[in-house]
$ cat protein12.cif   # mmCIF, C-alpha atoms (C1' of nucleotides)
data_target
#
loop_
_atom_site.label_atom_id
_atom_site.label_comp_id
_atom_site.auth_asym_id
_atom_site.auth_seq_id
_atom_site.Cartn_x
_atom_site.Cartn_y
_atom_site.Cartn_z
CA MET K 1 280.06 240.83 47.18
CA SER K 2 277.46 242.71 49.17
CA LEU K 3 275.42 245.66 48.09
CA GLN K 4 276.17 248.79 50.04
CA LEU K 5 273.09 250.88 50.63
CA ARG K 6 272.46 253.75 52.99
CA PRO K 7 269.16 253.96 54.90
CA GLY K 8 268.04 257.02 53.01
CA GLN K 9 268.70 255.35 49.68
CA ALA K 10 267.00 252.17 50.77
CA LEU K 11 263.86 253.94 51.90
CA LYS K 12 263.66 256.07 48.78
CA LEU K 13 264.09 252.97 46.65
CA TRP K 14 261.31 251.25 48.55
CA HIS K 15 259.08 254.30 48.36
CA ASP K 16 259.54 254.68 44.62
CA SER K 17 258.99 251.01 43.93
CA VAL K 18 255.90 250.76 46.12
CA LEU K 19 254.53 253.82 44.38
CA ASP K 20 255.04 252.10 41.04
CA LEU K 21 253.26 249.06 42.41
CA VAL K 22 250.30 251.12 43.60
CA HIS K 23 250.02 252.72 40.19
CA LEU K 24 250.15 249.32 38.54
CA ASP K 25 247.35 248.36 40.89
CA GLU K 26 244.77 246.57 38.78
CA SER K 27 244.82 244.17 41.64
CA GLY K 28 244.60 245.63 45.14
CA LEU K 29 247.31 243.39 46.48
CA THR K 30 247.99 243.05 50.18
CA VAL K 31 251.51 243.13 51.59
CA ARG K 32 250.98 239.51 52.55
CA GLN K 33 249.83 238.55 49.08
CA LEU K 34 252.82 240.31 47.58
CA SER K 35 255.06 238.45 49.97
CA ILE K 36 253.57 235.11 48.97
CA LEU K 37 253.90 235.96 45.29
CA LEU K 38 257.57 236.85 45.61
CA THR K 39 258.28 233.79 47.70
CA VAL K 40 256.76 231.49 45.10
CA TYR K 41 258.65 233.11 42.26
CA LEU K 42 262.02 233.60 43.94
CA GLU K 43 262.50 230.57 46.13
CA LEU K 44 263.02 227.04 44.93
CA PRO K 45 259.96 224.85 44.43
CA PRO K 46 258.12 222.93 45.59
CA HIS K 47 255.94 225.33 47.58
CA THR K 48 253.22 224.00 49.83
CA VAL K 49 250.61 225.88 51.82
CA ARG K 50 252.18 224.77 55.05
CA GLY K 51 255.67 225.71 53.95
CA VAL K 52 254.70 229.21 52.89
CA ALA K 53 252.67 229.68 56.06
CA GLN K 54 255.75 228.87 58.14
CA LYS K 55 257.92 231.14 56.06
CA LEU K 56 255.56 234.09 56.57
CA LYS K 57 254.72 233.07 60.14
CA VAL K 58 250.99 233.15 59.51
CA THR K 59 248.24 230.55 59.76
CA LYS K 60 247.32 228.25 56.91
CA PRO K 61 243.89 229.75 56.20
CA VAL K 62 245.64 233.01 55.47
CA ILE K 63 247.59 231.28 52.73
CA THR K 64 244.55 229.48 51.38
CA ARG K 65 242.64 232.72 51.08
CA ALA K 66 245.57 234.54 49.53
CA LEU K 67 245.91 231.75 46.98
CA ASP K 68 242.22 232.13 46.18
CA SER K 69 242.82 235.79 45.39
CA LEU K 70 246.09 235.29 43.55
CA GLY K 71 244.52 232.41 41.67
CA ARG K 72 241.59 234.58 40.58
CA LEU K 73 244.14 237.03 39.22
CA GLU K 74 245.94 234.10 37.55
CA LEU K 75 249.17 235.07 39.23
CA VAL K 76 249.65 231.59 40.72
CA ALA K 77 248.01 228.18 40.30
CA ARG K 78 247.31 225.23 42.57
CA ARG K 79 247.88 221.54 41.95
CA ARG K 80 247.55 218.51 44.16
CA ASP K 81 250.80 216.79 44.92
CA PRO K 82 250.60 213.39 43.19
CA ALA K 83 253.09 211.89 45.63
CA ASP K 84 251.34 213.00 48.81
CA LYS K 85 247.80 213.96 47.96
CA ARG K 86 247.41 215.91 51.17
CA ASN K 87 249.74 218.53 49.84
CA VAL K 88 248.91 221.33 47.46
CA LEU K 89 251.71 222.55 45.25
CA ILE K 90 251.71 226.23 44.46
CA GLN K 91 252.75 226.77 40.89
CA ARG K 92 253.85 229.68 38.79
CA THR K 93 251.93 231.05 35.84
CA VAL K 94 252.87 233.01 32.77
CA LYS K 95 250.91 236.02 33.98
CA GLY K 96 252.54 235.87 37.40
CA ALA K 97 256.00 235.60 35.90
CA LEU K 98 255.40 238.67 33.78
CA PHE K 99 254.08 240.57 36.78
CA VAL K 100 257.08 239.76 38.92
CA GLU K 101 259.40 240.58 36.06
CA LYS K 102 257.77 243.98 35.71
CA LEU K 103 258.28 244.59 39.42
CA GLY K 104 261.95 243.84 39.06
CA ASP K 105 262.30 246.17 36.12
CA PHE K 106 260.63 248.97 38.04
CA MET K 107 263.02 248.56 40.91
CA VAL K 108 266.10 248.42 38.70
CA SER K 109 265.16 251.61 36.91
CA ARG K 110 264.33 253.30 40.21
CA ALA K 111 267.69 252.28 41.60
CA GLN K 112 269.44 253.98 38.71
CA THR K 113 267.85 257.31 39.56
CA LEU K 114 268.90 257.25 43.21
CA PRO K 115 271.17 260.06 44.39
CA SER K 116 274.53 258.81 45.62
CA MET W 1 276.00 258.40 40.87
CA SER W 2 273.36 255.77 40.24
CA LEU W 3 272.91 252.46 41.96
CA GLN W 4 273.49 249.51 39.68
CA LEU W 5 271.14 246.65 40.44
CA ARG W 6 270.28 243.56 38.46
CA PRO W 7 266.65 242.39 38.27
CA GLY W 8 267.39 239.25 40.26
CA GLN W 9 269.04 241.25 43.01
CA ALA W 10 266.25 243.81 43.05
CA LEU W 11 263.54 241.20 43.38
CA LYS W 12 265.37 239.29 46.09
CA LEU W 13 265.92 242.52 47.98
CA TRP W 14 262.24 243.32 47.71
CA HIS W 15 261.25 239.82 48.70
CA ASP W 16 263.46 239.80 51.77
CA SER W 17 262.37 243.25 52.86
CA VAL W 18 258.67 242.56 52.39
CA LEU W 19 259.12 239.38 54.37
CA ASP W 20 260.64 241.38 57.20
CA LEU W 21 257.72 243.75 57.00
CA VAL W 22 255.18 240.94 57.18
CA HIS W 23 256.95 239.55 60.23
CA LEU W 24 256.93 242.95 61.87
CA ASP W 25 253.23 242.99 61.13
CA GLU W 26 251.54 244.17 64.26
CA SER W 27 249.61 246.29 61.86
CA GLY W 28 248.17 244.59 58.79
CA LEU W 29 249.22 247.39 56.50
CA THR W 30 248.00 247.68 52.95
CA VAL W 31 250.34 248.44 50.08
CA ARG W 32 248.52 251.73 49.72
CA GLN W 33 248.92 252.57 53.37
CA LEU W 34 252.59 251.73 53.21
CA SER W 35 252.90 253.94 50.19
CA ILE W 36 251.25 256.85 52.00
CA LEU W 37 253.45 256.34 55.03
CA LEU W 38 256.64 256.40 53.00
CA THR W 39 255.49 259.43 51.03
CA VAL W 40 254.82 261.40 54.19
CA TYR W 41 258.17 260.51 55.70
CA LEU W 42 260.35 260.80 52.63
CA GLU W 43 258.97 263.71 50.69
CA LEU W 44 259.06 267.32 51.74
CA PRO W 45 256.13 268.67 53.76
CA PRO W 46 253.53 269.96 53.72
CA HIS W 47 251.37 266.98 52.82
CA THR W 48 247.68 267.42 52.20
CA VAL W 49 245.02 264.80 51.52
CA ARG W 50 244.58 266.14 48.04
CA GLY W 51 248.29 266.16 47.32
CA VAL W 52 248.85 262.60 48.44
CA ALA W 53 245.77 261.45 46.55
CA GLN W 54 247.20 262.90 43.36
CA LYS W 55 250.57 261.36 44.01
CA LEU W 56 249.09 257.89 44.43
CA LYS W 57 246.46 258.47 41.73
CA VAL W 58 243.59 257.48 44.01
CA THR W 59 240.51 259.33 45.24
CA LYS W 60 240.52 261.46 48.36
CA PRO W 61 238.27 259.20 50.46
CA VAL W 62 240.89 256.49 50.05
CA ILE W 63 243.43 258.77 51.69
CA THR W 64 241.04 259.84 54.42
CA ARG W 65 240.34 256.24 55.35
CA ALA W 66 244.00 255.29 55.22
CA LEU W 67 244.81 258.21 57.51
CA ASP W 68 242.15 256.95 59.92
CA SER W 69 243.96 253.62 60.08
CA LEU W 70 247.45 255.05 60.21
CA GLY W 71 246.28 257.53 62.82
CA ARG W 72 244.86 254.75 64.98
CA LEU W 73 248.28 253.12 64.84
CA GLU W 74 249.83 256.51 65.70
CA LEU W 75 252.03 256.33 62.62
CA VAL W 76 250.86 259.72 61.35
CA ALA W 77 248.81 262.60 62.72
CA ARG W 78 246.40 265.12 61.25
CA ARG W 79 246.20 268.84 61.78
CA ARG W 80 244.09 271.54 60.23
CA ASP W 81 246.03 273.99 58.15
CA PRO W 82 245.74 277.32 60.01
CA ALA W 83 246.36 279.26 56.83
CA ASP W 84 243.70 277.56 54.72
CA LYS W 85 241.34 275.76 57.02
CA ARG W 86 240.01 273.59 54.25
CA ASN W 87 243.30 271.74 54.19
CA VAL W 88 244.43 268.99 56.49
CA LEU W 89 248.15 268.69 57.04
CA ILE W 90 249.49 265.20 57.47
CA GLN W 91 252.17 265.16 60.10
CA ARG W 92 254.83 262.77 61.23
CA THR W 93 254.91 261.13 64.64
CA VAL W 94 257.66 259.66 66.78
CA LYS W 95 256.22 256.18 66.41
CA GLY W 96 255.95 256.55 62.66
CA ALA W 97 259.51 257.81 62.38
CA LEU W 98 260.79 254.82 64.34
CA PHE W 99 258.76 252.47 62.16
CA VAL W 100 260.10 253.91 58.92
CA GLU W 101 263.60 253.91 60.33
CA LYS W 102 263.25 250.23 61.16
CA LEU W 103 262.12 249.54 57.61
CA GLY W 104 265.22 251.27 56.28
CA ASP W 105 267.48 249.30 58.57
CA PHE W 106 265.89 246.05 57.44
CA MET W 107 266.49 246.88 53.83
CA VAL W 108 270.08 247.97 54.38
CA SER W 109 270.96 244.77 56.18
CA ARG W 110 269.17 242.71 53.55
CA ALA W 111 271.11 244.48 50.84
CA GLN W 112 274.37 243.50 52.46
CA THR W 113 273.52 239.81 52.25
CA LEU W 114 272.70 239.90 48.54
CA PRO W 115 274.82 237.69 46.27
CA SER W 116 276.76 239.67 43.69
"C1'" DC R 1 242.54 197.30 58.52
"C1'" DT R 2 242.46 200.80 62.12
"C1'" DC R 3 243.48 204.86 64.29
"C1'" DG R 4 246.00 208.92 65.24
"C1'" DA R 5 248.50 212.53 62.90
"C1'" DT R 6 248.94 215.78 59.11
"C1'" DT R 7 247.34 218.77 55.28
"C1'" DG R 8 244.54 221.95 53.27
"C1'" DT R 9 239.95 223.86 53.17
"C1'" DT R 10 235.57 225.67 54.81
"C1'" DA R 11 232.41 228.05 58.05
"C1'" DC R 12 231.41 231.76 61.06
"C1'" DG R 13 231.40 236.31 63.05
"C1'" DC R 14 233.73 240.48 62.76
"C1'" DA R 15 236.34 244.28 61.09
"C1'" DA R 16 238.36 246.92 57.28
"C1'" DC R 17 238.59 248.38 52.69
"C1'" DC R 18 236.62 249.91 48.32
"C1'" DG R 19 234.09 253.17 44.86
"C1'" DA R 20 230.61 256.42 44.37
"C1'" DT R 21 227.89 259.85 46.09
"C1'" DA R 22 226.37 263.32 49.26
"C1'" DT R 23 227.54 266.56 52.77
"C1'" DA R 24 229.69 270.26 55.71
"C1'" DG R 25 232.93 273.80 56.20
"C1'" DA R 26 236.03 277.32 54.30
"C1'" DG R 27 237.74 280.38 50.78
"C1'" DC R 28 237.02 283.74 47.18
"C1'" DA R 29 235.32 286.63 43.28
"C1'" DG R 30 232.08 290.10 42.46
"C1'" DC X 1 226.20 289.33 51.34
"C1'" DT X 2 225.71 285.78 47.41
"C1'" DG X 3 226.91 282.31 44.89
"C1'" DC X 4 230.50 279.24 43.20
"C1'" DT X 5 234.56 276.50 44.09
"C1'" DC X 6 237.48 273.76 46.77
"C1'" DT X 7 238.68 270.78 50.71
"C1'" DA X 8 238.02 266.85 53.46
"C1'" DT X 9 234.87 263.81 55.52
"C1'" DA X 10 230.59 260.97 56.14
"C1'" DT X 11 227.60 257.61 54.32
"C1'" DC X 12 225.99 253.60 51.61
"C1'" DG X 13 226.12 248.82 49.82
"C1'" DG X 14 229.13 245.41 48.55
"C1'" DT X 15 233.52 242.88 48.77
"C1'" DT X 16 237.41 241.03 51.01
"C1'" DG X 17 240.42 239.84 54.68
"C1'" DC X 18 241.21 238.09 59.37
"C1'" DG X 19 241.38 234.55 63.49
"C1'" DT X 20 239.41 230.66 65.47
"C1'" DA X 21 237.49 226.44 65.17
"C1'" DA X 22 235.62 222.59 62.84
"C1'" DC X 23 236.10 219.66 58.84
"C1'" DA X 24 237.22 216.06 55.02
"C1'" DA X 25 240.90 213.76 52.77
"C1'" DT X 26 245.11 211.45 53.07
"C1'" DC X 27 249.03 209.23 55.05
"C1'" DG X 28 251.49 205.91 57.76
"C1'" DA X 29 252.67 203.20 61.89
"C1'" DG X 30 251.37 199.08 64.15
#

$ encode --input "protein12.cif" --output "structure tokens"
Amino acid sequence: MSLQLRPGQALKLWHDSVLDLVHLDESGLTVRQLSILLTVYLELPPHTVRGVAQKLKVTKPVITRALDSLGRLELVARRRDPADKRNVLIQRTVKGALFVEKLGDFMVSRAQTLPS
Amino acid sequence: MSLQLRPGQALKLWHDSVLDLVHLDESGLTVRQLSILLTVYLELPPHTVRGVAQKLKVTKPVITRALDSLGRLELVARRRDPADKRNVLIQRTVKGALFVEKLGDFMVSRAQTLPS
DNA sequence: CTCGATTGTTACGCAACCGATATAGAGCAG
DNA sequence: CTGCTCTATATCGGTTGCGTAACAATCGAG
């Protein structure tokens, strides 16, 4: 089953949710950082720097720097891959999980207030 | 009529849409800039610097700088208010309208591919 | 073991953003 | 006109992000 959504609804939903995110902004997140965060929390592990870089179509240093920032905020963590020590595994954190969960709740409640 | 959306669906929809946005990224938009852009195009004019600043709960210089950037990208335009020349009216542009429209289309098509 | 390939990080120069403060221009009450 | 308020912008120092290029660590084929 697919979700039917008209452009006007979609944009309003995005607008409202982004506004919530800006208000929640203890962080100063970039669109890229947000994208990385959601990728790590929504797609199946394991996540490597290279893999995420390909997914976002950006260079690896971009991911490294974003992980520095997200790590400082404790929204994600890094760990060396024991199997192949060249790899870095991007891991979830409690704080990050709560943050993402809050984002989802915002969007759900915003969706309920959309005009038909 | 409200739109029923489960948290998992909402987050996946956001993830997919943000990913599209990052790919479309000729711009390097900030979450704040995106928020301003959507506000200008979705809410009723007129939009002033002060008004948008209140809406986003940020200071006015933040809006001024964001308008500099968005103006450089031709996504919005500025005009002095003839009635009260202290005000600056934030106006829409063709390029900005197309950009926002594209965002809406992305989200609509992403919504259709959501699992139920 | 050796060497090329792969992974992630760091270094560098540059541009953009931030918060806070100061400033310039316009309105408005008296 | 005078002074006070309001608007938006300019300025300052500091922080952060970017792209490119170099780098160290690790793997794996031969």

$ resolve_selection --input "protein12.cif" --expression "the PyMOL selection byres ((chain W and resi 11-16) around 7)" --output "PDB file with C-alpha atoms, keeping the file's coordinate frame"
ATOM      1  CA  SER K  35     255.060 238.450  49.970  1.00  0.00           C
ATOM      2  CA  LEU K  38     257.570 236.850  45.610  1.00  0.00           C
ATOM      3  CA  THR K  39     258.280 233.790  47.700  1.00  0.00           C
ATOM      4  CA  LEU K  42     262.020 233.600  43.940  1.00  0.00           C
ATOM      5  CA  GLY K 104     261.950 243.840  39.060  1.00  0.00           C
TER       6      GLY K 104
ATOM      7  CA  PRO W   7     266.650 242.390  38.270  1.00  0.00           C
ATOM      8  CA  GLY W   8     267.390 239.250  40.260  1.00  0.00           C
ATOM      9  CA  GLN W   9     269.040 241.250  43.010  1.00  0.00           C
ATOM     10  CA  ALA W  10     266.250 243.810  43.050  1.00  0.00           C
ATOM     11  CA  SER W  17     262.370 243.250  52.860  1.00  0.00           C
ATOM     12  CA  VAL W  18     258.670 242.560  52.390  1.00  0.00           C
ATOM     13  CA  LEU W  19     259.120 239.380  54.370  1.00  0.00           C
ATOM     14  CA  ASP W  20     260.640 241.380  57.200  1.00  0.00           C
ATOM     15  CA  ARG W 110     269.170 242.710  53.550  1.00  0.00           C
ATOM     16  CA  ALA W 111     271.110 244.480  50.840  1.00  0.00           C
TER      17      ALA W 111
END

$ calpha_fit_and_write --input "protein12.cif" --fixed "chain K" --moving "chain W" --output "PDB file with C-alpha atoms, in the coordinates of the input"
ATOM      1  CA  MET W   1     280.083 240.819  47.260  1.00  0.00           C
ATOM      2  CA  SER W   2     277.449 242.709  49.203  1.00  0.00           C
ATOM      3  CA  LEU W   3     275.407 245.662  48.096  1.00  0.00           C
ATOM      4  CA  GLN W   4     276.180 248.811  50.025  1.00  0.00           C
ATOM      5  CA  LEU W   5     273.090 250.903  50.618  1.00  0.00           C
ATOM      6  CA  ARG W   6     272.468 253.792  52.958  1.00  0.00           C
ATOM      7  CA  PRO W   7     269.174 253.989  54.880  1.00  0.00           C
ATOM      8  CA  GLY W   8     268.060 257.068  52.972  1.00  0.00           C
ATOM      9  CA  GLN W   9     268.710 255.381  49.653  1.00  0.00           C
ATOM     10  CA  ALA W  10     266.997 252.188  50.752  1.00  0.00           C
ATOM     11  CA  LEU W  11     263.866 253.975  51.877  1.00  0.00           C
ATOM     12  CA  LYS W  12     263.663 256.103  48.752  1.00  0.00           C
ATOM     13  CA  LEU W  13     264.101 253.005  46.627  1.00  0.00           C
ATOM     14  CA  TRP W  14     261.317 251.297  48.521  1.00  0.00           C
ATOM     15  CA  HIS W  15     259.105 254.342  48.321  1.00  0.00           C
ATOM     16  CA  ASP W  16     259.553 254.724  44.584  1.00  0.00           C
ATOM     17  CA  SER W  17     259.028 251.043  43.912  1.00  0.00           C
ATOM     18  CA  VAL W  18     255.930 250.779  46.085  1.00  0.00           C
ATOM     19  CA  LEU W  19     254.564 253.822  44.322  1.00  0.00           C
ATOM     20  CA  ASP W  20     255.066 252.096  40.992  1.00  0.00           C
ATOM     21  CA  LEU W  21     253.305 249.068  42.376  1.00  0.00           C
ATOM     22  CA  VAL W  22     250.335 251.102  43.567  1.00  0.00           C
ATOM     23  CA  HIS W  23     250.061 252.691  40.137  1.00  0.00           C
ATOM     24  CA  LEU W  24     250.175 249.298  38.486  1.00  0.00           C
ATOM     25  CA  ASP W  25     247.393 248.349  40.852  1.00  0.00           C
ATOM     26  CA  GLU W  26     244.823 246.558  38.795  1.00  0.00           C
ATOM     27  CA  SER W  27     244.852 244.179  41.680  1.00  0.00           C
ATOM     28  CA  GLY W  28     244.606 245.654  45.166  1.00  0.00           C
ATOM     29  CA  LEU W  29     247.287 243.388  46.531  1.00  0.00           C
ATOM     30  CA  THR W  30     247.971 243.036  50.217  1.00  0.00           C
ATOM     31  CA  VAL W  31     251.479 243.109  51.623  1.00  0.00           C
ATOM     32  CA  ARG W  32     250.964 239.492  52.581  1.00  0.00           C
ATOM     33  CA  GLN W  33     249.835 238.536  49.117  1.00  0.00           C
ATOM     34  CA  LEU W  34     252.799 240.310  47.610  1.00  0.00           C
ATOM     35  CA  SER W  35     255.036 238.470  50.000  1.00  0.00           C
ATOM     36  CA  ILE W  36     253.563 235.113  48.984  1.00  0.00           C
ATOM     37  CA  LEU W  37     253.892 235.968  45.318  1.00  0.00           C
ATOM     38  CA  LEU W  38     257.549 236.879  45.631  1.00  0.00           C
ATOM     39  CA  THR W  39     258.278 233.797  47.718  1.00  0.00           C
ATOM     40  CA  VAL W  40     256.765 231.508  45.113  1.00  0.00           C
ATOM     41  CA  TYR W  41     258.672 233.132  42.281  1.00  0.00           C
ATOM     42  CA  LEU W  42     262.015 233.630  43.967  1.00  0.00           C
ATOM     43  CA  GLU W  43     262.504 230.602  46.141  1.00  0.00           C
ATOM     44  CA  LEU W  44     263.039 227.076  44.948  1.00  0.00           C
ATOM     45  CA  PRO W  45     259.976 224.875  44.437  1.00  0.00           C
ATOM     46  CA  PRO W  46     258.129 222.960  45.597  1.00  0.00           C
ATOM     47  CA  HIS W  47     255.936 225.331  47.578  1.00  0.00           C
ATOM     48  CA  THR W  48     253.211 223.991  49.808  1.00  0.00           C
ATOM     49  CA  VAL W  49     250.586 225.870  51.804  1.00  0.00           C
ATOM     50  CA  ARG W  50     252.173 224.705  55.001  1.00  0.00           C
ATOM     51  CA  GLY W  51     255.654 225.699  53.918  1.00  0.00           C
ATOM     52  CA  VAL W  52     254.680 229.197  52.888  1.00  0.00           C
ATOM     53  CA  ALA W  53     252.643 229.634  56.057  1.00  0.00           C
ATOM     54  CA  GLN W  54     255.709 228.829  58.125  1.00  0.00           C
ATOM     55  CA  LYS W  55     257.860 231.143  56.084  1.00  0.00           C
ATOM     56  CA  LEU W  56     255.504 234.072  56.613  1.00  0.00           C
ATOM     57  CA  LYS W  57     254.676 233.016  60.182  1.00  0.00           C
ATOM     58  CA  VAL W  58     250.932 233.066  59.558  1.00  0.00           C
ATOM     59  CA  THR W  59     248.237 230.399  59.783  1.00  0.00           C
ATOM     60  CA  LYS W  60     247.361 228.135  56.889  1.00  0.00           C
ATOM     61  CA  PRO W  61     243.892 229.583  56.214  1.00  0.00           C
ATOM     62  CA  VAL W  62     245.593 232.902  55.530  1.00  0.00           C
ATOM     63  CA  ILE W  63     247.583 231.253  52.763  1.00  0.00           C
ATOM     64  CA  THR W  64     244.576 229.414  51.390  1.00  0.00           C
ATOM     65  CA  ARG W  65     242.611 232.635  51.115  1.00  0.00           C
ATOM     66  CA  ALA W  66     245.523 234.510  49.593  1.00  0.00           C
ATOM     67  CA  LEU W  67     245.915 231.750  47.013  1.00  0.00           C
ATOM     68  CA  ASP W  68     242.217 232.107  46.193  1.00  0.00           C
ATOM     69  CA  SER W  69     242.806 235.774  45.418  1.00  0.00           C
ATOM     70  CA  LEU W  70     246.077 235.294  43.598  1.00  0.00           C
ATOM     71  CA  GLY W  71     244.527 232.422  41.680  1.00  0.00           C
ATOM     72  CA  ARG W  72     241.598 234.582  40.600  1.00  0.00           C
ATOM     73  CA  LEU W  73     244.134 237.050  39.240  1.00  0.00           C
ATOM     74  CA  GLU W  74     245.937 234.128  37.552  1.00  0.00           C
ATOM     75  CA  LEU W  75     249.178 235.085  39.266  1.00  0.00           C
ATOM     76  CA  VAL W  76     249.660 231.604  40.722  1.00  0.00           C
ATOM     77  CA  ALA W  77     248.044 228.203  40.282  1.00  0.00           C
ATOM     78  CA  ARG W  78     247.341 225.250  42.543  1.00  0.00           C
ATOM     79  CA  ARG W  79     247.900 221.579  41.937  1.00  0.00           C
ATOM     80  CA  ARG W  80     247.535 218.537  44.118  1.00  0.00           C
ATOM     81  CA  ASP W  81     250.781 216.824  44.907  1.00  0.00           C
ATOM     82  CA  PRO W  82     250.547 213.413  43.191  1.00  0.00           C
ATOM     83  CA  ALA W  83     253.050 211.925  45.595  1.00  0.00           C
ATOM     84  CA  ASP W  84     251.327 213.016  48.798  1.00  0.00           C
ATOM     85  CA  LYS W  85     247.793 213.979  47.969  1.00  0.00           C
ATOM     86  CA  ARG W  86     247.379 215.914  51.168  1.00  0.00           C
ATOM     87  CA  ASN W  87     249.710 218.555  49.811  1.00  0.00           C
ATOM     88  CA  VAL W  88     248.885 221.339  47.424  1.00  0.00           C
ATOM     89  CA  LEU W  89     251.704 222.557  45.233  1.00  0.00           C
ATOM     90  CA  ILE W  90     251.727 226.237  44.448  1.00  0.00           C
ATOM     91  CA  GLN W  91     252.771 226.791  40.884  1.00  0.00           C
ATOM     92  CA  ARG W  92     253.877 229.706  38.800  1.00  0.00           C
ATOM     93  CA  THR W  93     251.940 231.072  35.850  1.00  0.00           C
ATOM     94  CA  VAL W  94     252.895 233.055  32.775  1.00  0.00           C
ATOM     95  CA  LYS W  95     250.936 236.058  33.984  1.00  0.00           C
ATOM     96  CA  GLY W  96     252.538 235.890  37.401  1.00  0.00           C
ATOM     97  CA  ALA W  97     256.013 235.620  35.922  1.00  0.00           C
ATOM     98  CA  LEU W  98     255.409 238.698  33.781  1.00  0.00           C
ATOM     99  CA  PHE W  99     254.082 240.584  36.793  1.00  0.00           C
ATOM    100  CA  VAL W 100     257.092 239.768  38.948  1.00  0.00           C
ATOM    101  CA  GLU W 101     259.406 240.581  36.080  1.00  0.00           C
ATOM    102  CA  LYS W 102     257.762 243.977  35.736  1.00  0.00           C
ATOM    103  CA  LEU W 103     258.266 244.593  39.440  1.00  0.00           C
ATOM    104  CA  GLY W 104     261.960 243.823  39.073  1.00  0.00           C
ATOM    105  CA  ASP W 105     262.300 246.151  36.123  1.00  0.00           C
ATOM    106  CA  PHE W 106     260.625 248.946  38.059  1.00  0.00           C
ATOM    107  CA  MET W 107     263.020 248.551  40.921  1.00  0.00           C
ATOM    108  CA  VAL W 108     266.092 248.396  38.705  1.00  0.00           C
ATOM    109  CA  SER W 109     265.168 251.583  36.903  1.00  0.00           C
ATOM    110  CA  ARG W 110     264.329 253.283  40.185  1.00  0.00           C
ATOM    111  CA  ALA W 111     267.688 252.269  41.572  1.00  0.00           C
ATOM    112  CA  GLN W 112     269.445 253.948  38.690  1.00  0.00           C
ATOM    113  CA  THR W 113     267.857 257.296  39.498  1.00  0.00           C
ATOM    114  CA  LEU W 114     268.901 257.252  43.152  1.00  0.00           C
ATOM    115  CA  PRO W 115     271.168 260.088  44.313  1.00  0.00           C
ATOM    116  CA  SER W 116     274.522 258.862  45.573  1.00  0.00           C
TER     117      SER W 116
END

$ closest_residue --input "protein12.cif" --among "W:Lys102, W:Arg79, W:His23, W:Arg86" --to "chain R" --atoms "only C-alpha atoms (C1' of nucleotides)"
W:Arg86

$ resolve_selection --input "protein12.cif" --expression "the PyMOL selection byres ((chain K) within 8 of (chain X))" --output "ChimeraX atom specification"
/K:62,84-86

$ closest_residue --input "protein12.cif" --among "W:Ile63, W:Val22, W:Val49, W:Leu3" --to "chain R" --atoms "only C-alpha atoms (C1' of nucleotides)"
W:Ile63

$ atom_distance --input "protein12.cif" --atom1 "CA of Gln33 in chain K" --atom2 "CA of Val100 in chain W"
20.9 Å

$ interface_residues --input "protein12.cif" --of "chain K" --to "chain R" --cutoff "8 Å" --atoms "all atoms listed in the file" --output "PDB file with C-alpha atoms, in the frame of the given file"
ATOM      1  CA  VAL K  49     250.610 225.880  51.820  1.00  0.00           C
ATOM      2  CA  ARG K  50     252.180 224.770  55.050  1.00  0.00           C
ATOM      3  CA  LYS K  60     247.320 228.250  56.910  1.00  0.00           C
ATOM      4  CA  PRO K  61     243.890 229.750  56.200  1.00  0.00           C
ATOM      5  CA  THR K  64     244.550 229.480  51.380  1.00  0.00           C
ATOM      6  CA  ARG K  86     247.410 215.910  51.170  1.00  0.00           C
ATOM      7  CA  ASN K  87     249.740 218.530  49.840  1.00  0.00           C
ATOM      8  CA  VAL K  88     248.910 221.330  47.460  1.00  0.00           C
TER       9      VAL K  88
END

$ axis_aligned_box --input "protein12.cif" --around "range 11-29 of chain K" --padding-each-side "8 Å" --output "AutoDock Vina command-line options"
--center_x 254.3 --center_y 249.7 --center_z 45.2 --size_x 35.5 --size_y 28.7 --size_z 29.4

$ closest_residue --input "protein12.cif" --among "K:Gly51, K:Gly96, K:Gly28, K:Pro82" --to "chain W" --atoms "only C-alpha atoms"
K:Gly28

$ atom_distance --input "protein12.cif" --atom1 "CA of Ile90 in chain K" --atom2 "CA of Val31 in chain K"
18.3 Å

$ closest_residue --input "protein12.cif" --among "K:Asp25, K:Leu44, K:Val76, K:Arg6" --to "Leu98 in chain K" --atoms "all atoms listed in the file"
K:Val76

$ atom_distance --input "protein12.cif" --atom1 "CA of Val108 in chain K" --atom2 "CA of Glu74 in chain K"
24.8 Å

$ closest_residue --input "protein12.cif" --among "W:Thr93, W:Gln112, W:Ser69, W:Ser27" --to "chain K" --atoms "only C-alpha atoms"
W:Gln112

$ closest_residue --input "protein12.cif" --among "K:Leu67, K:Met107, K:Leu89, K:Val94" --to "chain W" --atoms "all atoms listed in the file"
K:Met107

$ residues_around --input "protein12.cif" --residues "Ala97 in chain K" --least-positions-apart "4" --cutoff "8 Å" --atoms "only C-alpha atoms (C1' of nucleotides)" --output "ChimeraX atom specification"
/K:41,75,92-93,101
